Amino acid sequence: MSGFESERIRILMDTESKLEGLTDVWQPRDGLATPPGEEGAAKSDVESLKDRFVLFSANSSPSCMELANRIAERLGVELGKTEVYQESNGETHVQIKDSVRGKDVYIIQTMSSNVNQCLMELCVMAYGCVTSSARSVCGVLPYLPYSKQCKMRKRGSIVCKLIASLLCRAGLTHLITMDLHQKEIQGFFNIPVDNLRASPFLLQYIQEEIPDYRNAVIVAKSPASAKRAQSLAERLRLCIAVIHGDSETDLLDGRHSPPAVRNAGAIPQIPLCIPKEKPPISVVGDVEGRIAIIVDDIIDDAVGFVAAAEMLRERGAGPIIAMATHAILSADAPRILQDSAISQVGGVCHSFLQECDFSSLIKKQLRFF
């Protein structure tokens, strides 16, 4: 026997003896059994994970506290203790009563009618956590305010970019929101943004709560919301209709008026620009005798939804249902909806509704999911 083979046999014998020693210590019974000490280690890992983050709630509305309590209950943790209130001079005062040093902080803030106050609360809380040596600060905003002001309007400004910069400078390192008005808003932030989708809830509601939804048509109340309507229609295998025509977009950015021409003497005059002719409002698609489901991301003053519903009724559609992710219902929206052709209103995020007067919506099927 050569020296190489003898050395190989010796290594194999040593390995077998080591394996026998290991089997004496622990042997699995069924192949799925948890080794001794691993179960306790897993529990300790979960407990240590809970010790590494803190969940706070702002003070925008009762629904904000309700949402925070539900999240804390689902995670099996206690809600962090904070004190948020307004001084007599209108200043926002925030006092964080729990230690956040070296921890991941999550601040839940919904929006009320006083949007600016809610934003200031979030910024002050985020900055307070940063100065208290928090490891990271994540803002949870179901609705991002000023998201509709994400484009230049005539001599205005892109306010949504300003809000993004404000939140980043306040100390947020991560943002979780739902159904941004435009996906491109994520580019305004210098931090990661998770734009969650509410479409699964809308799809489930349509399939389970609307009888004969196969006879429905998904309606976009403007060409801007056609992509959102198309996405829902494709998943439900339904037809789509788009309301097209006169819009306020051109009036806002100044494209409706041609520039004035001055007499420059010998210099040839620039020909006048003819204002763009706007086609009359019309419905592109077959809606007669079908259930019309108007979808969008926001129901604000409800004027656009009501105008779309009136046109759909003239085209023979019915019943007419309005659905959106964010049910703001500002100003006289409840009364306007009650007097409209809309028979049912549905939304996902409805933190604004704590301050709405629903006495005018008693006869409507107002549902939130």
# chains A, B, ... in the order shown; residues from 1 in each chain; ligands from 1
$ residues_around --residues "region 81-98 of chain A" --least-positions-apart "4" --cutoff "12 Å" --atoms "only C-alpha atoms" --output "PyMOL selection string"
chain A and resi 53-61+65+68-69+103+105+107+116-132+134
$ atom_distance --atom1 "CA of Glu184 (chain A)" --atom2 "CA of Lys161 (chain A)"
10.7 Å
$ residues_around --residues "Ala322 (chain A)" --least-positions-apart "5" --cutoff "9 Å" --atoms "only C-alpha atoms" --output "PyMOL selection string"
chain A and resi 292-296+299+305+309+342-347
$ residues_around --residues "region 163-179 of chain A" --least-positions-apart "2" --cutoff "8 Å" --atoms "only C-alpha atoms" --output "ChimeraX atom specification"
/A:123-124,126-127,130,136-144,146,159-161,181,188-198,297,325
$ atom_distance --atom1 "CA of Glu209 (chain A)" --atom2 "CA of His326 (chain A)"
19.2 Å
$ select_by_dssp --residues "region 161-191 of chain A" --states "alpha helix (DSSP H)" --output "PyMOL selection string"
chain A and resi 161-170
$ atom_distance --atom1 "CA of Ala226 (chain A)" --atom2 "CA of Val242 (chain A)"
6.6 Å
$ closest_residue --among "A:Val303, A:Ala224, A:Leu202, A:Cys150" --to "Arg335 (chain A)" --atoms "only C-alpha atoms"
A:Val303
$ select_by_dssp --residues "region 60-128 of chain A" --states "strand (DSSP E)" --output "list in words"
Thr82, Glu83, Val84, Tyr85, Gln86, Thr92, His93, Val94, Gln95, Ile96, Asp104, Val105, Tyr106, Ile107 and Ile108 of chain A
$ closest_residue --among "A:Gly102, A:Lys50, A:Ser340, A:Ala308" --to "Glu78 (chain A)" --atoms "only C-alpha atoms"
A:Lys50
